[in-house]
Amino acid sequence: MGILKEMKEIRRYFSAAKSATEITFYSETGIYYQYFEGTIKAILDKSDFQILYITSDPQDPILNKDDNRIKVFYINKLVPFVFPFVKTKTLVMTMADLNQFHVKRSTNPVNHIYMFHAINSVHLQYNQGAFDYYDTIFCVGPHHVEEIRKTEEVYNLPSKALVEVGYSWLEEIELKYGRSTSMENKILIAPTWSEGNILETCIETIIEKLLPLPYEIIVRPHPEFIKRQGKRIKEIKDKYKSHANLFMETESSSSTNILESNILITDWSGIAIEYAWGMFKPVIYIDTPKKVHNPDYKKIGIVPLEDQIRELNGIVLKTSNCDSINVEIEKALQLKEEKQERLLNLRNKHIFNWGQSSNVAADYIINYCNKN
């Protein structure tokens with residue numbers, strides 16, 4: 001879509017906002033719809049509000065939805081020119097670093113609400129200040145409350161509204177695929193995108209060990225890695241293009257291979273917690289350099305959740321031992337059943353409002369809009 005068409009979408013959005021004054025959702029890419037979906041459905045069920053939904057992805061699945069109470073607008077390059085003028089009572093996003101870079105807060109009295117798209121802690125894999133300009137945070141678990149309050153204390157920040165919501169996407173994963181015995185004989189390799197990740201260090205060793213196994217091997221690069229390291233993706237594709245059981249998945253809006261695979265190989269990606277706690281399936285962590293986007297994370301004095309649960313959640317394998325990955329896979333699959341109770345206990349400890357998170361989020365938004 002060209003600039004002129006985006007300008008038309010902007011005019012259409014602000015025209016719609018004159019009557020639908022309560023709620024705007026914004027999605028950077030189509031994959032984030034899955035984190036909003038439960039809350040949107042609950043808002044529509046519990047209120048008569050209309051929802052305005054801005055997406056920057058022409059493939060966003062919401063563009064195919066047919067609901068006259070959801071008005072969708074495709075705005076990409078011109079998003080920074082829209083946000084300062086938003087006037088709806090609430091603006092819900094999954095985008096960290098609001099006001100830090102090109103996307104700024106609205107200059108109007110809008111409640112900027114952050115909804116997590118990962119269970120990870122806030123102070124290790126996010127930039128310092130990533131959530132400072134939000135008014136409200138929908139916390140996944142007690143760790144988020146503790147970490148954000150401690151960050152406010154250490155940096156003398158204004159107190160935010162912290163809502164104990166939970167994580168509806170994890171609930172959806174368990175509802176559809178949790179404890180399923182139906183597998184597709186797939187091994188999923190889904191690294192993060194930070195420096196020294198699997199695709200930069202040991203992917204060839206892993207692939208060479210997996211190719212003889214009776215599995216499809218799905219390599220799913222992080223969208224940021226695809227954006228920044230397209231040449232590396234092509235190198236891997238070209239090297240293994242003759243192998244019929246190896247696939248490179250670059251379409252991040254699809255979750256099919258995540259949900260159907262038998263086992264996950266990752267490094268520091270937040271997908272590992274969702275995979276283990278939603279489907280109770282085994283995870284092998286490759287011990288690449290830690291994903292650190294905030295070098296001052298130790299100032300908070302709290303061990304990040306992804307560090308705390310790493311060895312409880314799965315098997316940790318040093319990069320120097322990747323040539324034994326085939327053995328570790330068989331070991332992990334054999335131990336799958338006996339580890340399920342441990343994974344359930346971890347989930348119960350670290351996730352709020354199991355089975356009710358969408359209702360909690362929707363109730364907060366509806367009540368806020370009715371009062372303001």
# chains A, B, ... in the order shown; residues from 1 in each chain; ligands from 1

$ closest_atom_pairs --of "segment 235-294 of chain A" --to "segment 304-316 of chain A" --cutoff "9 Å" --atoms "only C-alpha atoms" --output "JSON lines"
{"residue": "A:Asp267", "atom": "CA", "partner": "A:Val316", "partner_atom": "CA", "distance": 9.0}
{"residue": "A:Trp268", "atom": "CA", "partner": "A:Glu306", "partner_atom": "CA", "distance": 7.9}
{"residue": "A:Gly270", "atom": "CA", "partner": "A:Glu306", "partner_atom": "CA", "distance": 7.9}
{"residue": "A:Ala272", "atom": "CA", "partner": "A:Asn313", "partner_atom": "CA", "distance": 8.2}
{"residue": "A:Ile273", "atom": "CA", "partner": "A:Asn313", "partner_atom": "CA", "distance": 7.4}
{"residue": "A:Ala276", "atom": "CA", "partner": "A:Asn313", "partner_atom": "CA", "distance": 6.8}
{"residue": "A:Trp277", "atom": "CA", "partner": "A:Asn313", "partner_atom": "CA", "distance": 8.6}
{"residue": "A:Pro282", "atom": "CA", "partner": "A:Gly314", "partner_atom": "CA", "distance": 6.2}
{"residue": "A:Val283", "atom": "CA", "partner": "A:Gly314", "partner_atom": "CA", "distance": 4.8}
{"residue": "A:Ile284", "atom": "CA", "partner": "A:Ile315", "partner_atom": "CA", "distance": 4.8}
{"residue": "A:Tyr285", "atom": "CA", "partner": "A:Val316", "partner_atom": "CA", "distance": 4.7}
{"residue": "A:Ile286", "atom": "CA", "partner": "A:Val316", "partner_atom": "CA", "distance": 6.0}
{"residue": "A:Asp287", "atom": "CA", "partner": "A:Val316", "partner_atom": "CA", "distance": 6.3}

$ residues_around --residues "Thr88 of chain A" --least-positions-apart "3" --cutoff "7 Å" --atoms "only C-alpha atoms" --output "JSON, numbers by chain"
{"A": [17, 21, 22, 23, 24, 91, 110]}

$ closest_residue --among "A:Glu251, A:Glu174, A:Asp323, A:Asp45" --to "Ile206 of chain A" --atoms "only C-alpha atoms"
A:Asp323

$ residues_around --residues "Met115 of chain A" --least-positions-apart "2" --cutoff "12 Å" --atoms "only C-alpha atoms" --output "PyMOL selection string"
chain A and resi 25-27+32-39+91-96+112-113+117-119+131+134-140+144+162-169+357-358+361-362+365

$ residues_around --residues "Gly178 of chain A" --least-positions-apart "3" --cutoff "9 Å" --atoms "only C-alpha atoms" --output "ChimeraX atom specification"
/A:172-175,181,277-281

$ residues_around --residues "His143 of chain A" --least-positions-apart "4" --cutoff "9 Å" --atoms "only C-alpha atoms" --output "number ranges by chain"
A: 120-122, 139, 147-148, 304-305, 350-351

$ write_last_selection --atoms "N, CA and C atoms" --output "short mmCIF file (atom, residue, chain, number, x, y, z; two decimals), in the first residue's frame"
data_model
loop_
_atom_site.label_atom_id
_atom_site.label_comp_id
_atom_site.auth_asym_id
_atom_site.auth_seq_id
_atom_site.Cartn_x
_atom_site.Cartn_y
_atom_site.Cartn_z
N ASN A 120 8.56 -13.93 29.66
CA ASN A 120 9.89 -13.58 30.19
C ASN A 120 9.85 -12.36 31.11
N SER A 121 10.91 -12.23 31.91
CA SER A 121 11.06 -11.07 32.79
C SER A 121 11.22 -9.78 31.99
N VAL A 122 11.02 -8.66 32.67
CA VAL A 122 11.02 -7.35 31.99
C VAL A 122 12.39 -6.69 31.94
N CYS A 139 0.01 -7.64 33.61
CA CYS A 139 1.07 -8.55 34.05
C CYS A 139 0.67 -10.01 33.86
N GLU A 147 9.09 -7.21 39.45
CA GLU A 147 10.16 -6.59 38.65
C GLU A 147 9.84 -5.15 38.30
N ILE A 148 8.59 -4.88 37.93
CA ILE A 148 8.22 -3.52 37.55
C ILE A 148 8.23 -2.60 38.76
N PRO A 304 16.19 -13.03 36.66
CA PRO A 304 15.12 -13.11 35.67
C PRO A 304 14.48 -14.50 35.64
N LEU A 305 13.19 -14.53 35.36
CA LEU A 305 12.44 -15.78 35.35
C LEU A 305 13.07 -16.80 34.41
N HIS A 350 3.68 -19.28 38.42
CA HIS A 350 4.14 -18.08 37.72
C HIS A 350 3.12 -17.42 36.80
N ILE A 351 1.90 -17.95 36.72
CA ILE A 351 0.89 -17.38 35.81
C ILE A 351 -0.37 -17.02 36.60
#

$ atom_distance --atom1 "atom CA of Glu208 of chain A" --atom2 "atom CA of Ala244 of chain A"
13.5 Å

$ select_by_dssp --residues "segment 106-237 of chain A" --states "strand (DSSP E or B)" --output "list of chain:residue names"
A:Asn111, A:His112, A:Ile113, A:Tyr114, A:Met115, A:Thr136, A:Ile137, A:Phe138, A:Cys139, A:Ala161, A:Leu162, A:Val163, A:Glu164, A:Lys186, A:Ile187, A:Leu188, A:Ile189, A:Glu216, A:Ile217, A:Ile218, A:Val219

$ closest_residue --among "A:Thr107, A:Lys160, A:Leu170, A:Ile10" --to "Trp354 of chain A" --atoms "only C-alpha atoms"
A:Leu170

$ atom_distance --atom1 "atom CA of Lys339 of chain A" --atom2 "atom CA of Gly196 of chain A"
29.3 Å

$ closest_residue --among "A:Ile263, A:Tyr53, A:Asp296, A:Ser19" --to "Lys65 of chain A" --atoms "only C-alpha atoms"
A:Tyr53

$ select_by_dssp --residues "segment 168-198 of chain A" --states "alpha helix (DSSP H)" --output "NGL selection string"
:A and (168-177 or 198)

$ write_last_selection --atoms "N, CA, C and O atoms" --output "compact mmCIF listing (two decimals), in the first residue's frame"
# COMPACT_ATOMS: atom_id res chain seq x y z
N SER A 168 -3.47 -15.21 28.02
CA SER A 168 -4.53 -15.93 27.32
C SER A 168 -4.00 -16.83 26.20
O SER A 168 -4.60 -17.87 25.90
N TRP A 169 -2.89 -16.43 25.57
CA TRP A 169 -2.35 -17.26 24.48
C TRP A 169 -1.91 -18.62 25.02
O TRP A 169 -2.09 -19.64 24.36
N LEU A 170 -1.35 -18.65 26.21
CA LEU A 170 -0.95 -19.92 26.80
C LEU A 170 -2.17 -20.80 27.09
O LEU A 170 -2.15 -22.01 26.89
N GLU A 171 -3.24 -20.16 27.54
CA GLU A 171 -4.48 -20.90 27.77
C GLU A 171 -5.01 -21.50 26.47
O GLU A 171 -5.49 -22.64 26.43
N GLU A 172 -4.91 -20.72 25.40
CA GLU A 172 -5.38 -21.19 24.09
C GLU A 172 -4.54 -22.37 23.60
O GLU A 172 -5.08 -23.34 23.04
N ILE A 173 -3.24 -22.29 23.84
CA ILE A 173 -2.36 -23.40 23.44
C ILE A 173 -2.77 -24.68 24.17
O ILE A 173 -2.90 -25.74 23.55
N GLU A 174 -2.99 -24.59 25.48
CA GLU A 174 -3.37 -25.80 26.21
C GLU A 174 -4.74 -26.31 25.78
O GLU A 174 -4.96 -27.51 25.63
N LEU A 175 -5.66 -25.38 25.56
CA LEU A 175 -7.01 -25.78 25.16
C LEU A 175 -6.99 -26.60 23.88
O LEU A 175 -7.70 -27.61 23.75
N LYS A 176 -6.16 -26.21 22.93
CA LYS A 176 -6.15 -26.87 21.62
C LYS A 176 -5.15 -28.02 21.55
O LYS A 176 -5.39 -29.01 20.84
N TYR A 177 -4.01 -27.88 22.26
CA TYR A 177 -2.93 -28.83 22.03
C TYR A 177 -2.32 -29.41 23.30
O TYR A 177 -1.45 -30.26 23.21
N ILE A 198 21.61 -19.62 17.96
CA ILE A 198 21.85 -20.93 17.33
C ILE A 198 22.21 -20.79 15.85
O ILE A 198 23.11 -21.47 15.36

$ residues_around --residues "Leu199 of chain A" --least-positions-apart "5" --cutoff "12 Å" --atoms "only C-alpha atoms" --output "PyMOL selection string"
chain A and resi 189-194+204-207+219-222+225-226+229-237+248+265-267+286+288+319

$ residues_around --residues "Phe85 of chain A" --least-positions-apart "4" --cutoff "8 Å" --atoms "only C-alpha atoms" --output "PyMOL selection string"
chain A and resi 81+106-108

$ atom_distance --atom1 "atom CA of Ser159 of chain A" --atom2 "atom CA of His123 of chain A"
16.5 Å

$ closest_residue --among "A:Glu195, A:Lys241, A:Phe73, A:Asn257" --to "Lys8 of chain A" --atoms "only C-alpha atoms"
A:Phe73
